[in-house]
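Note sheet for the following structure.
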Amino acid sequence: MSGSALHLAVELDGDGAHPAAWRRAAHSPDQLLTPRRLAGTATVAENAGFTLVTLDDGPLPPGASPNPVGRIGAVERAAFVAASTTTIGIAPVVAVTYAEPFHVSSQLASLDHISEGRAGWVVAEEDRPEAARTWGRPEVSGPAARARESRDGVRVARALWDSWEDDAVIRSVATSRYLDRERLHYIDFTGESYAVKGPAIVPRPPQGQLVVLGRPDSVPAAQLDVALVTGRDLATVAGAAASAGTPLVLAEVEVALDTPDATGAERVADLERYASWTDHGRLRLTGSAEQLVLLLAELSTVVDGVRLHPLVIDEDLPVLSQRVLPALSDRHLVTRRLPGTSLRTTLGLERPANRFAAAAVQEEAR
Amino acid sequence: MTRTDPLDVPRPDAQLHFGVFFQGVNHWTIWSAPDSGSQIDPASFRRVARTAERGLFDAFFLGEGLRLREVDGRIHDLDVAGRPDAITQLAALAAVTRHIGLVSTSNSTFNEPADLARRLSGLDLLSEGRAGWNVVTTDNAWTGANFRRGGYLDHADRYRRAEEFLTVARALWDGWQDGAIAGSTGAPAWSAPSAVHRVRHQGAQFDVDLAPTLPRSVQGHPVIFQAGDSGEGRDFAARNADVIFSAHGTDFDDALAFAEDIRRRLRAVGRPDDDVRILPGTEIIIGATEAEALEKKRWIRLQQVTPTTALGIAGALWGFDLSDRDADGPLPKEDPVVSENDGSFGSRRIADPRSVVSEWRAKAEAQGWSLREAVIHLGPQRGHVGTPSGLADRFTRFVRNGAVDGFNVTPYLIPDGLDDIVDLLVPELQERGVYRTEYTGTTLREHLGLREPLTRRPASEQRQAG
Ligand SMILES: Cc1cc2nc3c(=O)[nH]c(=O)nc-3n(C[C@H](O)[C@H](O)[C@H](O)COP(=O)(O)O)c2cc1C
């Protein structure tokens with residue numbers, strides 16, 4: 001993969017990656033949760049040429065006072081963004097530690113229909129004990145138990161997406177049948193902690209399967225299309241990428257860029273007076289657009305893309321849009337998205353065959 | 001037909017409200033006609049919502065069913081099926097509409113209040129005060145097979161759970177004081193810490209201790225709809241609902257009796273008896289003349305009730321499989337089989353099939369009807385048929401006499417089934433002064449002329465705790 005074009009994703013939750021980012025936002029706090037703000041940032045990302053926008057989430061407030069404690073659900077935001085844009089991919093963060101996989105599967109399949117094949121899913125884990133109370137469920141404690149819930153939740157969602165074959169709706173006037181029930185399938189999933197019957201209530205998503213992104217240490221590689229890997233330096237990222245075992249690997253990169261008004265370092269220092277920028281063990285670049293372009297050029301030899309986490313969306317997104325993406329484009333370091341293509345196609349991933357249809361073909365061939 | 005004299009009716013100023021119910025599962029949506037479009041393509045949803053908005057409708061409405069219907073253990077394959085998750089779909093429609101309310105049917109059994117309340121708040125904020133929630137209950141083990149907890153709720157407990165669910169949801173929606181969020185980045189905190197209240201609720205169904213993550217929208221709370229016809233359902237509505245999605249909108253006397261029953265129940269719980277809007281589901285078939293409308297109705301019924309569908313409906317009535325019979329032949333000679341469980345899910349049980357069947361036999365004999373014709377004429381009668389002006393007169397009578405507050409229209413064709421209602425019927429209603437000529441508010445609550453949410457009224461006006 002040396003020096004090939006990168007897929008660029010950007011995380012656009014709240015006002016940015018820094019907990020105090022709201023203090024440098026270009027809008028007042030009471031505008032954060034408005035549809036205008038949401039559509040506005042997504043449109044800037046789309047016009048800048050990003051492949052994908054991700055939207056973080058969780059059932060508990062995103063921060064503790066004095067920082068933002070409000071956040072609209074990522075699936076709802078993603079659906080709104082999908083209807084406000086035309087080409088960019090959209091991936092909400094959804095944890096299945098407590099949520100119902102049947103609901104999650106329906107919501108995400110619906111998002112793929114709404115966006116006409118531009119949807120992805122960032123699988124997250126919920127490790128805060130209070131979250132269990134939100135769901136009225138006993139705590140899922142410890143990494144092993146959480147990984148079990150993630151694994152089973154993704155399996156169920158993926159099986160449900162296949163539970164309608166692509167052409168299950170036949171509208172056969174001759175036989176009076178709307179559906180071909182032979183092309184609908186019970187998934188009959190039985191895991192360690194629950195069972196799900198199926199089939200889905202939402203027809204198969206346009207992409208067949210949404211693009212599933214996640215951390216390889218919490219979701220089995222076989223269930224992921226894209227691994228999100230971390231590491232504070234290039235060597236660690238390269239190591240994680242090499243062992244990910246997924247079709248694609250994106251590196252997590254936090255950025256605080258120089259703007260016409262202040263350097264990245266000055267902006268970070270300003271915000272650090274209020275709260276500290278949580279260390280997630282990710283690559284972090286504080287500096288100029290040119291430095292970021294150089295870092296991304298280096299990364300292009302070890303990963304397929306990056307997910308950028310801007311310090312302050314209102315400050316960093318314009319620099320990304322006006323300086324970084326054009327420079328990457330000049331150097332042929334960024335993939336181009338074509339209108340009308342699915343997120344899978346943009347990422348160079350195939351549309352998966354339906355497991356049940358494939359099984360039926362095998363059956364026939366015997 | 002004579003027009004209702006506006007001075008001669010109990011509610012001379014009453015206005016008609018329209019919602020549109022985009023049905024996801026049913027045989028009433030014609031799928032076989034050349035102009036019947038996709039039930040899942042986002043363009044269909046956009047088209048219906050925008051047409052409704054052009055017709056100044058109050059609401060766009062989605063139903064819910066969390067398991068595909070089956071008959072005798074096999075997936076039912078005759079009807080339209082397959083639909084998006086309602087709140088997700090409506091959040092997308094929030095981006096492409098400006099006025100119309102967006103109502104999600106979401107059940108209180110296979111959801112948890114903190115999660116669902118947050119999703120609905122999100123929809124309310126994204127639509128700037130246009131969200132509604134049709135609270136339904138699902139208590140069958142059969143739907144439970146798709147969820148972690150399985151089938152678990154006794155029939156008797158479902159409205160109890162629904163009520164407590166709503167109590168928790170309202171507490172979460174009320175958790176932020178208005179103006180809690182700072183108006184400037186220079187403020188000491190993003191929100192005033194004392195303006196966001198933790199919700200602590202301990203009850204028979206839920207144990208919640210949680211900081212809500214969202215402020216109220218401009219309409220205060222999502223508008224609460226209720227659909228369920230039992231005494232418990234009606235009492236639940238009287239205590240909690242802003243709108244009832246009823247099944248009493250075809251026959252005037254039946255609609256009026258239902259409305260009077262609801263008003264009685266409202267007074268009994270100490271609410272004003274005009275506090276709830278009643279919007280029955282209905283189909284509207286329009287023709288240039290009465291004869292043309294009836295001819296159109298005949299064509300529509302034949303599309304909706306195919307021979308196979310007729311045998312399915314008759315089979316549910318008789319209680320055994322009739323799929324090998326001739327739908328165009330006579331009614332089955334056998335008596336119906338009455339069983340505890342009829343093996344079909346997602347459809348209504350028939351209370352007394354023996355007497356229904358003998359009534360069908362008598363009428364079919366008198367009219368010379370085949371089995372299919374009997375199903376068409378004697379099955380549930382739905383909707384209104386007529387000319388734009390005749391329908392406008394009829395609806396004026398319904399609303400001005402207090403039998404309904406409007407209708408939740410179920411188009412028989414997607415996505416164009418609302419066009420003639422909007423283009424032909426709405427102007428007639430406007431001419432009679434019974435329908436708005438422009439949106440006068442921005443929120444669903446304003447469109448419906450509703451008061452403040454129940455938990456936000458002065459204490460003196462609040463109902464006694466249920
Ligand atoms: C007009 C109407 C529409 C309904 N739509 C739905 C629906 O979309 N999803 C659902 O689960 N239940 C729906 N219901 C069912 C009710 O919520 C309720 O569960 C059912 O009517 C049984 O309750 P009851 O005994 O009070 O009537 C609907 C009921 C009515 C009358």
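Going through the structure tokens in order, the chains are called A, B, and so on, while each chain numbers its residues from 1 and the ligands are numbered from 1 in the order shown.
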Surroundings of ligand 1 up to 7 Å, based on only C-alpha atoms and all ligand atoms, as a ChimeraX atom specification: /B:63-65,105,107,135-138,227-234,245-247,280-281
Would you kindly report the residues of chain B within 6 Å of chain A, using only C-alpha atoms, as a count of residues only? 27
Would you please extract all alpha helix (DSSP H) residues from stretch 16-61 of chain B, as assigned by DSSP on the backbone, and give them as a PDB file with N, CA and C atoms, in the first residue's frame?
```pdb
ATOM      1  N   PRO B  42     -36.175   6.127  -0.405  1.00  0.00           N
ATOM      2  CA  PRO B  42     -36.360   7.401   0.301  1.00  0.00           C
ATOM      3  C   PRO B  42     -37.169   8.410  -0.514  1.00  0.00           C
ATOM      4  N   ALA B  43     -37.123   8.290  -1.832  1.00  0.00           N
ATOM      5  CA  ALA B  43     -37.884   9.220  -2.669  1.00  0.00           C
ATOM      6  C   ALA B  43     -39.382   9.089  -2.414  1.00  0.00           C
ATOM      7  N   SER B  44     -39.859   7.885  -2.104  1.00  0.00           N
ATOM      8  CA  SER B  44     -41.290   7.702  -1.817  1.00  0.00           C
ATOM      9  C   SER B  44     -41.683   8.474  -0.564  1.00  0.00           C
ATOM     10  N   PHE B  45     -40.854   8.378   0.461  1.00  0.00           N
ATOM     11  CA  PHE B  45     -41.159   9.068   1.722  1.00  0.00           C
ATOM     12  C   PHE B  45     -41.116  10.581   1.529  1.00  0.00           C
ATOM     13  N   ARG B  46     -40.089  11.025   0.797  1.00  0.00           N
ATOM     14  CA  ARG B  46     -39.976  12.478   0.543  1.00  0.00           C
ATOM     15  C   ARG B  46     -41.193  12.984  -0.216  1.00  0.00           C
ATOM     16  N   ARG B  47     -41.576  12.224  -1.228  1.00  0.00           N
ATOM     17  CA  ARG B  47     -42.683  12.660  -2.081  1.00  0.00           C
ATOM     18  C   ARG B  47     -43.976  12.760  -1.278  1.00  0.00           C
ATOM     19  N   VAL B  48     -44.271  11.737  -0.480  1.00  0.00           N
ATOM     20  CA  VAL B  48     -45.509  11.758   0.297  1.00  0.00           C
ATOM     21  C   VAL B  48     -45.473  12.907   1.314  1.00  0.00           C
ATOM     22  N   ALA B  49     -44.343  13.060   1.993  1.00  0.00           N
ATOM     23  CA  ALA B  49     -44.251  14.111   3.016  1.00  0.00           C
ATOM     24  C   ALA B  49     -44.386  15.493   2.387  1.00  0.00           C
ATOM     25  N   ARG B  50     -43.769  15.675   1.246  1.00  0.00           N
ATOM     26  CA  ARG B  50     -43.839  17.003   0.627  1.00  0.00           C
ATOM     27  C   ARG B  50     -45.217  17.289   0.052  1.00  0.00           C
ATOM     28  N   THR B  51     -45.868  16.273  -0.481  1.00  0.00           N
ATOM     29  CA  THR B  51     -47.238  16.481  -0.962  1.00  0.00           C
ATOM     30  C   THR B  51     -48.142  16.846   0.212  1.00  0.00           C
ATOM     31  N   ALA B  52     -47.970  16.121   1.322  1.00  0.00           N
ATOM     32  CA  ALA B  52     -48.781  16.410   2.511  1.00  0.00           C
ATOM     33  C   ALA B  52     -48.519  17.835   2.986  1.00  0.00           C
ATOM     34  N   GLU B  53     -47.283  18.235   2.914  1.00  0.00           N
ATOM     35  CA  GLU B  53     -46.935  19.588   3.358  1.00  0.00           C
ATOM     36  C   GLU B  53     -47.533  20.636   2.412  1.00  0.00           C
ATOM     37  N   ARG B  54     -47.526  20.327   1.137  1.00  0.00           N
ATOM     38  CA  ARG B  54     -48.177  21.219   0.166  1.00  0.00           C
ATOM     39  C   ARG B  54     -49.664  21.333   0.489  1.00  0.00           C
TER      40      ARG B  54
END
```
For A:Thr346, work out the shell of residues within 12 Å, counting only C-alpha atoms and skipping chain neighbours fewer than 2 positions away, then give it as a VMD selection string. chain A and resid 5 to 8 49 to 52 87 to 89 117 to 119 207 211 334 to 344 348 to 351
Next, dump the selected residues to file, keeping only C-alpha atoms, as a PDB file, in the first residue's frame.
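File selection_19.pdb, as written:
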```pdb
ATOM      1  CA  ALA A   5      -4.368   7.405  -2.002  1.00  0.00           C
ATOM      2  CA  LEU A   6      -5.917   7.726   1.418  1.00  0.00           C
ATOM      3  CA  HIS A   7      -9.524   7.519   2.483  1.00  0.00           C
ATOM      4  CA  LEU A   8     -10.242  10.492   4.681  1.00  0.00           C
ATOM      5  CA  GLY A  49     -14.074  15.995  -0.289  1.00  0.00           C
ATOM      6  CA  PHE A  50     -14.034  13.789   2.797  1.00  0.00           C
ATOM      7  CA  THR A  51     -15.079  10.209   2.172  1.00  0.00           C
ATOM      8  CA  LEU A  52     -16.795   9.764   5.486  1.00  0.00           C
ATOM      9  CA  THR A  87     -22.216  12.022  -1.662  1.00  0.00           C
ATOM     10  CA  ILE A  88     -20.438  11.796   1.678  1.00  0.00           C
ATOM     11  CA  GLY A  89     -20.494   8.574   3.716  1.00  0.00           C
ATOM     12  CA  GLY A 117     -25.902   3.304   0.209  1.00  0.00           C
ATOM     13  CA  ARG A 118     -23.672   5.773   2.032  1.00  0.00           C
ATOM     14  CA  ALA A 119     -23.952   4.379   5.543  1.00  0.00           C
ATOM     15  CA  GLN A 207     -25.017  -1.881   0.141  1.00  0.00           C
ATOM     16  CA  VAL A 211     -19.496  -0.701   6.157  1.00  0.00           C
ATOM     17  CA  VAL A 334      -6.631  11.406  -1.516  1.00  0.00           C
ATOM     18  CA  THR A 335      -9.290   9.196  -3.067  1.00  0.00           C
ATOM     19  CA  ARG A 336     -12.007  10.839  -5.089  1.00  0.00           C
ATOM     20  CA  ARG A 337     -15.607  10.193  -4.365  1.00  0.00           C
ATOM     21  CA  LEU A 338     -17.933   9.944  -7.297  1.00  0.00           C
ATOM     22  CA  PRO A 339     -21.562  11.010  -7.040  1.00  0.00           C
ATOM     23  CA  GLY A 340     -23.978   8.112  -6.952  1.00  0.00           C
ATOM     24  CA  THR A 341     -21.478   5.602  -5.621  1.00  0.00           C
ATOM     25  CA  SER A 342     -21.966   3.684  -2.430  1.00  0.00           C
ATOM     26  CA  LEU A 343     -19.600   4.046   0.488  1.00  0.00           C
ATOM     27  CA  ARG A 344     -18.413   0.501  -0.194  1.00  0.00           C
ATOM     28  CA  GLY A 348     -13.019  -0.238  -2.874  1.00  0.00           C
ATOM     29  CA  LEU A 349     -14.966  -2.859  -0.940  1.00  0.00           C
ATOM     30  CA  GLU A 350     -17.149  -5.345  -2.732  1.00  0.00           C
ATOM     31  CA  ARG A 351     -20.855  -5.618  -2.190  1.00  0.00           C
TER      32      ARG A 351
END
```
Residue contacts of B:Gly406 (9 Å, only C-alpha atoms) excluding same-chain residues fewer than 2 positions away, as a ChimeraX atom specification: /B:15-19,249,277-280,395,398-399,404,408
Give me, as JSON lines, each residue of stretch 219-302 of chain A that comes within 12 Å of stretch 150-153 of chain A, together with its shortest interatomic pair and the distance in Å at one decimal, counting only C-alpha atoms, with rows ordered by chain and rising residue number.
```
{"residue": "A:Val219", "atom": "CA", "partner": "A:Arg151", "partner_atom": "CA", "distance": 5.7}
{"residue": "A:Pro220", "atom": "CA", "partner": "A:Arg151", "partner_atom": "CA", "distance": 6.6}
{"residue": "A:Ala221", "atom": "CA", "partner": "A:Arg151", "partner_atom": "CA", "distance": 9.9}
{"residue": "A:Ala222", "atom": "CA", "partner": "A:Arg151", "partner_atom": "CA", "distance": 9.9}
{"residue": "A:Gln223", "atom": "CA", "partner": "A:Arg151", "partner_atom": "CA", "distance": 7.6}
{"residue": "A:Leu224", "atom": "CA", "partner": "A:Arg151", "partner_atom": "CA", "distance": 10.1}
```
I need the residues from that last selection saved to file as a short mmCIF file (atom, residue, chain, number, x, y, z; two decimals), in the first residue's frame (with N, CA, C and O atoms), if you can.
```
data_model
loop_
_atom_site.label_atom_id
_atom_site.label_comp_id
_atom_site.auth_asym_id
_atom_site.auth_seq_id
_atom_site.Cartn_x
_atom_site.Cartn_y
_atom_site.Cartn_z
N VAL A 219 -13.78 -5.87 18.54
CA VAL A 219 -14.68 -6.59 17.62
C VAL A 219 -13.81 -7.54 16.80
O VAL A 219 -12.75 -7.13 16.31
N PRO A 220 -14.23 -8.80 16.65
CA PRO A 220 -13.40 -9.73 15.87
C PRO A 220 -13.16 -9.22 14.45
O PRO A 220 -14.07 -8.67 13.82
N ALA A 221 -11.95 -9.36 13.97
CA ALA A 221 -11.59 -8.84 12.65
C ALA A 221 -12.54 -9.34 11.57
O ALA A 221 -12.88 -8.61 10.63
N ALA A 222 -13.01 -10.56 11.71
CA ALA A 222 -13.89 -11.14 10.68
C ALA A 222 -15.21 -10.37 10.57
O ALA A 222 -15.89 -10.46 9.56
N GLN A 223 -15.57 -9.63 11.63
CA GLN A 223 -16.83 -8.88 11.61
C GLN A 223 -16.63 -7.45 11.12
O GLN A 223 -17.60 -6.70 11.02
N LEU A 224 -15.39 -7.05 10.88
CA LEU A 224 -15.10 -5.65 10.53
C LEU A 224 -14.72 -5.52 9.06
O LEU A 224 -14.02 -6.36 8.51
#
```
Choose the residue, out of B:His248, B:Glu164, B:Asp139, B:Ala237, that has the smallest atom-to-atom separation from B:Ile262; count only C-alpha atoms.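 Looking only at the distances to B:Ile262, the closest residue turns out to be B:Ala237.
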Could you tell me how far atom CA of A:Gly40 sits from atom CA of A:Gly287, in Å to one decimal place?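 These two atoms are separated by 25.4 Å.
Across B:Leu378, B:Ile87, B:Val434, B:Val276, the tightest approach to B:Pro453 is made by B:Val276 when counting only C-alpha atoms.
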Non-local contacts of stretch 300-312 of chain A (9 Å; only C-alpha atoms; under 4 positions in same chain excluded) as a PyMOL selection string: chain A and resi 1-12+15-22+24-25+52-54+228+234+237-239+241-242+248-257+264+267-268+277+295-296+316-317+333-334
